[in-house]
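Have a look at start.txt below; it lists compact mmCIF, C-alpha atoms.
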# COMPACT_ATOMS: atom_id res chain seq x y z
CA MET S 26 72.28 102.16 91.25
CA GLU S 27 74.37 100.53 88.53
CA TRP S 28 78.10 100.20 89.06
CA ASP S 29 78.96 102.07 85.86
CA ARG S 30 77.00 105.08 86.97
CA LEU S 31 78.46 104.95 90.48
CA GLU S 32 81.94 104.70 89.04
CA PHE S 33 81.30 107.70 86.80
CA ILE S 34 80.03 109.79 89.71
CA LEU S 35 82.96 108.76 91.92
CA PHE S 36 85.59 109.66 89.36
CA SER S 37 84.04 112.93 88.26
CA LEU S 38 83.65 114.02 91.88
CA ASP S 39 87.28 113.15 92.53
CA LYS S 40 88.38 115.88 90.13
CA TYR S 41 86.57 118.66 91.95
CA LEU S 42 87.70 117.47 95.34
CA PHE S 43 90.84 119.60 95.37
CA ILE S 44 88.80 122.74 94.79
CA ALA S 45 86.41 121.74 97.58
CA TYR S 46 89.30 121.18 100.02
CA PHE S 47 90.83 124.49 99.01
CA LEU S 48 87.56 126.34 99.67
CA LEU S 49 87.22 124.49 102.98
CA LEU S 50 90.71 125.67 103.96
CA ILE S 51 89.83 129.30 103.19
CA THR S 52 86.59 129.01 105.19
CA ALA S 53 88.41 127.41 108.10
CA ILE S 54 91.04 130.18 108.14
CA ARG S 55 88.27 132.80 108.27
CA ILE S 56 86.57 131.01 111.16
CA GLU S 57 89.49 129.69 113.22
CA LYS S 58 91.57 132.92 113.15
CA LYS S 59 94.69 131.33 114.66
CA VAL S 60 96.85 128.24 114.19
CA SER S 61 95.03 125.10 115.20
CA SER S 62 95.13 121.39 114.59
CA VAL S 63 92.12 121.73 112.28
CA LEU S 64 93.88 124.31 110.09
CA ILE S 65 97.01 122.16 109.89
CA THR S 66 94.94 119.17 108.84
CA PHE S 67 92.97 121.06 106.19
CA THR S 68 96.18 122.53 104.77
CA VAL S 69 97.88 119.15 104.55
CA VAL S 70 94.80 117.48 103.02
CA ALA S 71 94.38 120.28 100.46
CA VAL S 72 98.06 120.26 99.46
CA THR S 73 98.15 116.47 99.19
CA ASN S 74 95.00 116.41 97.08
CA GLY S 75 96.43 119.09 94.82
CA VAL S 76 99.67 117.18 94.33
CA MET S 77 97.82 113.96 93.54
CA THR S 78 95.42 115.67 91.13
CA SER S 79 98.25 117.36 89.25
CA LEU S 80 100.34 114.18 89.07
CA VAL S 81 97.58 111.86 87.82
CA PRO S 82 97.84 112.68 84.06
CA MET S 83 101.65 112.27 84.05
CA LEU S 84 101.58 109.09 86.11
CA TYR S 85 98.82 107.70 83.94
CA GLN S 86 100.95 108.11 80.83
CA LEU S 87 103.90 106.41 82.50
CA ALA S 88 101.81 103.59 83.92
CA ALA S 89 100.35 102.86 80.47
CA ASN S 90 103.75 101.41 79.48
CA ASP S 91 104.48 97.72 79.99
CA GLY S 92 106.78 96.56 82.73
CA ILE S 93 106.43 96.36 86.47
CA GLY S 94 108.71 99.36 86.95
CA TYR S 95 106.20 101.64 85.26
CA LYS S 96 103.32 100.14 87.24
CA PHE S 97 105.29 100.63 90.43
CA ILE S 98 105.69 104.33 89.64
CA TRP S 99 101.88 104.66 89.75
CA TYR S 100 101.26 102.79 93.00
CA GLY S 101 104.50 103.77 94.70
CA THR S 102 104.04 107.50 94.08
CA PHE S 103 100.59 107.53 95.65
CA CYS S 104 101.84 105.46 98.56
CA LEU S 105 104.75 107.86 99.04
CA ILE S 106 102.45 110.90 98.95
CA ASP S 107 100.28 109.28 101.63
CA VAL S 108 103.34 108.65 103.81
CA LEU S 109 104.47 112.24 103.32
CA ALA S 110 100.98 113.51 104.20
CA ILE S 111 101.03 111.68 107.55
CA TYR S 112 104.59 112.89 108.12
CA LEU S 113 103.51 116.49 107.44
CA LEU S 114 100.58 116.13 109.84
CA TYR S 115 102.91 114.88 112.56
CA LYS S 116 105.67 117.39 111.88
CA PHE S 117 103.41 120.46 111.73
CA HIS S 118 101.70 119.51 114.96
CA SER S 119 104.96 119.04 116.80
CA MET S 120 106.62 122.13 115.25
CA LEU S 121 103.72 124.44 116.00
CA LYS S 122 103.14 122.75 119.37
CA GLN S 123 99.48 122.02 118.68
CA SER S 124 97.42 119.31 120.32
CA VAL S 125 96.38 116.67 117.81
CA SER S 126 92.60 116.89 117.36
CA ALA S 127 90.21 114.16 116.27
CA VAL S 128 90.10 115.83 112.84
CA ALA S 129 93.85 115.30 112.41
CA GLU S 130 93.69 111.71 113.60
CA VAL S 131 90.88 110.82 111.19
CA ALA S 132 92.84 112.38 108.31
CA GLY S 133 95.85 110.30 109.41
CA VAL S 134 93.76 107.12 109.41
CA ALA S 135 92.45 107.95 105.92
CA PHE S 136 95.98 108.42 104.53
CA LEU S 137 97.11 105.20 106.20
CA LEU S 138 94.17 103.33 104.65
CA LEU S 139 94.94 104.78 101.21
CA ALA S 140 98.61 103.75 101.47
CA THR S 141 97.61 100.27 102.63
CA LEU S 142 95.14 99.84 99.74
CA GLN S 143 97.88 100.80 97.25
CA ALA S 144 100.37 98.38 98.78
CA VAL S 145 97.90 95.49 99.11
CA PHE S 146 96.62 95.84 95.57
CA PHE S 147 100.11 96.10 94.08
CA THR S 148 101.38 93.11 96.07
CA GLU S 149 98.39 90.98 95.14
CA GLN S 150 98.49 91.86 91.45
CA TYR S 151 102.17 91.34 90.83
CA LEU S 152 103.30 88.86 93.48
CA PHE S 153 100.32 86.51 93.67
CA SER S 154 98.67 87.40 90.34
CA THR S 155 95.21 87.28 91.91
CA ASP S 156 92.44 89.85 91.73
CA TYR S 157 90.54 89.76 95.02
CA SER S 158 91.29 93.29 96.16
CA ARG S 159 90.44 94.98 92.85
CA ALA S 160 86.97 96.14 93.90
CA PHE S 161 88.33 97.48 97.20
CA TYR S 162 91.02 99.36 95.32
CA GLN S 163 88.82 100.64 92.53
CA TYR S 164 86.01 101.94 94.68
CA GLY S 165 87.77 102.25 98.01
CA ILE S 166 90.22 104.95 97.00
CA PRO S 167 87.76 107.46 95.47
CA LEU S 168 85.28 106.61 98.23
CA ILE S 169 87.80 107.37 101.02
CA ASN S 170 88.87 110.55 99.22
CA ILE S 171 85.30 111.77 98.92
CA ALA S 172 84.01 110.61 102.32
CA LEU S 173 86.95 112.27 104.08
CA LEU S 174 85.65 115.76 103.27
CA PRO S 175 82.23 115.51 105.02
CA ALA S 176 83.80 113.48 107.83
CA LEU S 177 86.38 116.20 108.55
CA VAL S 178 83.79 118.97 108.34
CA MET S 179 81.46 117.11 110.71
CA LEU S 180 84.19 116.46 113.29
CA TRP S 181 85.27 120.08 113.07
CA LEU S 182 81.70 121.29 113.71
CA LEU S 183 81.32 118.85 116.61
CA GLN S 184 84.55 120.16 118.07
CA ARG S 185 83.41 123.78 117.78
CA MET S 186 79.90 123.20 119.10
CA PRO S 187 80.61 122.95 122.86
CA LEU S 188 82.79 126.06 122.60
CA LYS S 189 79.98 128.09 121.11
CA GLN S 190 77.50 126.85 123.70
CA LYS S 191 79.87 127.83 126.48
CA VAL S 192 80.18 131.35 125.09
CA LEU S 193 76.40 131.66 124.77
CA ARG S 194 75.91 130.52 128.35
CA ALA S 195 78.56 132.95 129.63
CA ASN S 196 76.80 135.84 127.96
CA MET O 20 112.44 92.10 90.11
CA VAL O 21 108.84 91.78 91.27
CA LEU O 22 110.06 91.00 94.77
CA ILE O 23 112.11 94.21 94.91
CA PHE O 24 109.16 96.39 93.93
CA VAL O 25 106.78 94.55 96.23
CA SER O 26 109.15 94.93 99.18
CA LEU O 27 109.60 98.61 98.29
CA ILE O 28 105.87 99.29 98.40
CA LEU O 29 105.49 97.26 101.59
CA LEU O 30 108.31 99.31 103.09
CA LEU O 31 106.43 102.48 102.15
CA ASN O 32 103.32 101.09 103.77
CA LEU O 33 105.27 100.24 106.91
CA MET O 34 106.60 103.81 106.96
CA ALA O 35 103.02 105.09 106.76
CA LEU O 36 102.13 102.91 109.72
CA LEU O 37 105.12 104.08 111.79
CA MET O 38 104.40 107.72 110.93
CA PHE O 39 100.79 107.27 111.97
CA ARG O 40 101.90 105.72 115.26
CA ARG O 41 103.94 108.84 115.98
CA LEU O 42 100.95 111.04 115.21
CA HIS O 43 98.80 108.90 117.47
CA LEU O 44 101.38 109.09 120.25
CA LEU O 45 101.41 112.88 119.93
CA ARG O 46 97.62 112.85 120.31
CA SER O 47 97.83 110.77 123.50
CA ILE O 48 100.35 113.24 124.91
CA SER O 49 98.07 116.19 124.09
CA GLN O 50 95.15 114.43 125.75
CA ILE O 51 97.14 113.82 128.92
CA GLN O 52 98.18 117.46 128.96
CA ALA O 53 94.59 118.60 128.49
CA GLU O 54 93.49 116.35 131.33
CA VAL O 55 96.16 117.69 133.67
CA GLU O 56 95.30 121.22 132.60
CA LEU O 57 91.66 120.70 133.55
CA GLU O 58 92.57 119.41 137.00
CA MET O 59 95.06 122.17 137.61
CA HIS O 60 92.48 124.67 136.46
CA SER O 61 90.07 123.62 139.17
CA ARG O 62 92.90 123.81 141.74
CA ALA O 63 93.76 127.31 140.53
CA HIS O 64 90.13 128.23 140.99
CA GLN O 65 90.19 127.01 144.57
CA LEU O 66 93.36 128.99 145.22
CA LEU O 67 91.70 132.12 143.89
CA VAL O 68 88.66 131.55 146.06
CA ARG O 69 90.90 131.25 149.11
CA ARG O 70 92.71 134.44 148.14
CA ASP O 71 89.38 136.24 147.94
CA GLN O 72 88.37 134.93 151.35
CA LEU O 73 91.69 136.14 152.78
CA GLU O 74 91.26 139.58 151.34
CA VAL O 75 87.69 139.97 152.51
CA GLY O 76 88.76 138.84 155.98
CA LEU O 77 86.64 135.73 156.29
CA VAL O 78 89.64 133.75 157.56
CA LYS O 79 91.07 134.38 161.01
CA GLU O 80 94.84 134.46 161.74
CA THR O 81 95.45 136.24 158.47
CA ALA O 82 99.26 136.21 158.48
CA GLU O 83 99.51 132.46 158.93
CA ALA O 84 96.83 131.77 156.31
CA ASP O 85 98.56 134.14 153.93
CA GLU O 86 101.86 132.28 154.30
CA GLN O 87 100.14 128.96 153.72
CA TRP O 88 98.42 130.30 150.65
CA LYS O 89 101.74 131.44 149.20
CA GLY O 90 103.24 128.01 149.86
CA ASP O 91 100.32 126.29 148.16
CA LEU O 92 100.65 128.58 145.17
CA ALA O 93 104.35 127.79 144.76
CA GLU O 94 103.63 124.09 145.04
CA TYR O 95 100.91 124.41 142.43
CA MET O 96 103.22 126.21 140.00
CA GLU O 97 105.86 123.50 140.33
CA GLU O 98 103.51 120.58 140.02
CA TYR O 99 101.96 121.29 136.65
CA GLU O 100 104.87 120.31 134.37
CA GLN O 101 105.92 117.39 136.52
CA GLU O 102 102.43 115.96 136.67
CA ALA O 103 102.07 115.99 132.87
CA LEU O 104 105.44 114.32 132.43
CA LEU O 105 104.72 111.72 135.08
CA ARG O 106 101.41 110.72 133.53
CA ALA O 107 102.94 110.57 130.08
CA ARG O 108 105.65 108.25 131.41
CA GLN O 109 103.14 106.04 133.16
CA ARG O 110 100.85 105.61 130.20
CA LEU O 111 103.21 105.77 127.25
CA ASN O 112 106.33 103.75 127.56
CA ARG O 113 108.40 105.83 125.21
CA VAL O 114 108.06 109.57 125.13

Could you write out this file's structure as structure tokens?
Amino acid sequence: MEWDRLEFILFSLDKYLFIAYFLLLITAIRIEKKVSSVLITFTVVAVTNGVMTSLVPMLYQLAANDGIGYKFIWYGTFCLIDVLAIYLLYKFHSMLKQSVSAVAEVAGVAFLLLATLQAVFFTEQYLFSTDYSRAFYQYGIPLINIALLPALVMLWLLQRMPLKQKVLRAN
Amino acid sequence: MVLIFVSLILLLNLMALLMFRRLHLLRSISQIQAEVELEMHSRAHQLLVRRDQLEVGLVKETAEADEQWKGDLAEYMEEYEQEALLRARQRLNRV
């Protein structure tokens, strides 16, 4: 597949991601029925995605200006949102006294990776004026955002599977 | 100027890392608790089996066995919290 086409698919998918996460959250609430680590994770991921999606047009306008300050607003805001997402994951789990599931940990890793990509790319661009991490940044961020959804769903199903089998066996 | 912004974003990244460490630590604690819970569950099962045996009359010297059973139950109730804490302290240096 050509890069242009891949890029187009990645960026158009990115827009619908928030809706997908929102629907996933509703489905999870119907299935889980009570507070769990999975629900916390889906809520945090959906909220974070919503915030990012709604901020992109505004940030894009600001970042179009010249000057490192404006560029920093773009990278720094995303980095800050990632930090806040991990903080929310941690705080909700400890407040609601939930065990941290694999789903939550994978979401945490994804946010950490996103924050690191932002920081590395910004540092390289403006401190060293080199361009090695551009491809990682350009494709890595939408790729992580998109791959996170099936990864979370799969882990959630894996986590529920043994439970269901146990119930079946008991009956 | 560039240095300030670069250090700011690196600071944010460091914060993400520290926050993630806390989340990871919380996961280790939950895993230890789940492990202890599983062990205590099997002990509780054994206690219940013994209670059943007592009630059916399979065990001789009922009064003595009954006393011992009550003692074991009390010990079991006490141990749960302490065991989880102890393991957390052994495996994670700061909790």

| query | Once you count only C-alpha atoms, which residues of chain O turn out to be within 12 Å of chain S? Could you give them as number ranges by chain? | reply | O: 20-53

Name the residues in contact with S:Leu180 at a cut-off of 12 Å, using only C-alpha atoms, excluding same-chain residues fewer than 4 positions from it; report them as a tab-separated table (two decimals) with C-alpha atoms, in the frame of the given file.
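Saved as result-v1.tsv:
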chain	number	residue	atom	x	y	z
S	63	VAL	CA	92.12	121.73	112.28
S	66	THR	CA	94.94	119.17	108.84
S	126	SER	CA	92.60	116.89	117.36
S	127	ALA	CA	90.21	114.16	116.27
S	128	VAL	CA	90.10	115.83	112.84
S	129	ALA	CA	93.85	115.30	112.41
S	130	GLU	CA	93.69	111.71	113.60
S	131	VAL	CA	90.88	110.82	111.19
S	132	ALA	CA	92.84	112.38	108.31
S	173	LEU	CA	86.95	112.27	104.08
S	174	LEU	CA	85.65	115.76	103.27
S	175	PRO	CA	82.23	115.51	105.02
S	176	ALA	CA	83.80	113.48	107.83
S	184	GLN	CA	84.55	120.16	118.07
S	185	ARG	CA	83.41	123.78	117.78
S	186	MET	CA	79.90	123.20	119.10

Given 4 Å on each side, where is the centre and what are the edge lengths in Å to one decimal of the axis-aligned box enclosing the listed atoms of stretch 31-46 of chain O, as lines of an AutoDock Vina configuration file?
center_x = 102.1
center_y = 106.6
center_z = 111.2
size_x = 17.0
size_y = 20.6
size_z = 26.2

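For the atom pair formed by atom CA of S:Arg30 and atom CA of S:Ser158, the distance is 20.7 Å, given to one decimal.
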
| request: Could you jot down the atom CA of O:Ala82 to atom CA of O:Val68 separation for me, Å, one decimal place? | output: 17.0 Å

| request: For atom CA of S:Thr78 and atom CA of S:Phe43, quote the distance in Å rounded to one decimal. | output: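 Taking atom CA of S:Thr78 and atom CA of S:Phe43, their separation equals 7.4 Å.
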
| request: Extract, using all atoms listed in the file, all DNA, RNA and protein residues at most 10 Å from O:Ala63, discarding same-chain residues fewer than 4 positions from it, and format them as a PyMOL selection string. | output: chain O and resi 57-59+67-69+92+95-96

Keeping C-alpha atoms, write stretch 59-101 of chain O of the structure just shown out as a short mmCIF file (atom, residue, chain, number, x, y, z; two decimals), in the first residue's frame.
data_model
loop_
_atom_site.label_atom_id
_atom_site.label_comp_id
_atom_site.auth_asym_id
_atom_site.auth_seq_id
_atom_site.Cartn_x
_atom_site.Cartn_y
_atom_site.Cartn_z
CA MET O 59 -7.19 -17.89 51.93
CA HIS O 60 -10.15 -19.08 49.91
CA SER O 61 -8.84 -22.62 49.84
CA ARG O 62 -8.17 -22.44 53.60
CA ALA O 63 -11.72 -21.22 54.17
CA HIS O 64 -12.93 -24.16 52.16
CA GLN O 65 -11.00 -26.57 54.35
CA LEU O 66 -12.42 -24.92 57.46
CA LEU O 67 -15.93 -25.36 56.10
CA VAL O 68 -15.27 -29.00 55.33
CA ARG O 69 -14.09 -29.55 58.90
CA ARG O 70 -17.19 -27.80 60.23
CA ASP O 71 -19.35 -30.14 58.17
CA GLN O 72 -17.49 -33.16 59.49
CA LEU O 73 -17.99 -31.90 63.05
CA GLU O 74 -21.68 -31.43 62.56
CA VAL O 75 -22.22 -34.80 60.95
CA GLY O 76 -20.27 -36.41 63.79
CA LEU O 77 -17.43 -37.91 61.82
CA VAL O 78 -14.90 -36.56 64.32
CA LYS O 79 -14.63 -38.02 67.81
CA GLU O 80 -14.13 -35.87 70.95
CA THR O 81 -16.47 -33.26 69.56
CA ALA O 82 -16.01 -30.57 72.23
CA GLU O 83 -12.24 -30.45 71.85
CA ALA O 84 -12.42 -30.46 68.05
CA ASP O 85 -15.02 -27.72 68.17
CA GLU O 86 -12.76 -25.52 70.31
CA GLN O 87 -9.86 -26.11 67.95
CA TRP O 88 -11.99 -25.25 64.98
CA LYS O 89 -13.02 -21.96 66.56
CA GLY O 90 -9.38 -21.14 67.28
CA ASP O 91 -8.40 -21.88 63.70
CA LEU O 92 -11.21 -19.70 62.42
CA ALA O 93 -10.11 -16.75 64.54
CA GLU O 94 -6.53 -17.20 63.39
CA TYR O 95 -7.69 -17.31 59.79
CA MET O 96 -9.69 -14.08 60.17
CA GLU O 97 -6.69 -12.27 61.61
CA GLU O 98 -4.18 -13.51 59.10
CA TYR O 99 -5.75 -12.28 55.89
CA GLU O 100 -4.94 -8.55 56.15
CA GLN O 101 -1.54 -9.12 57.68
#
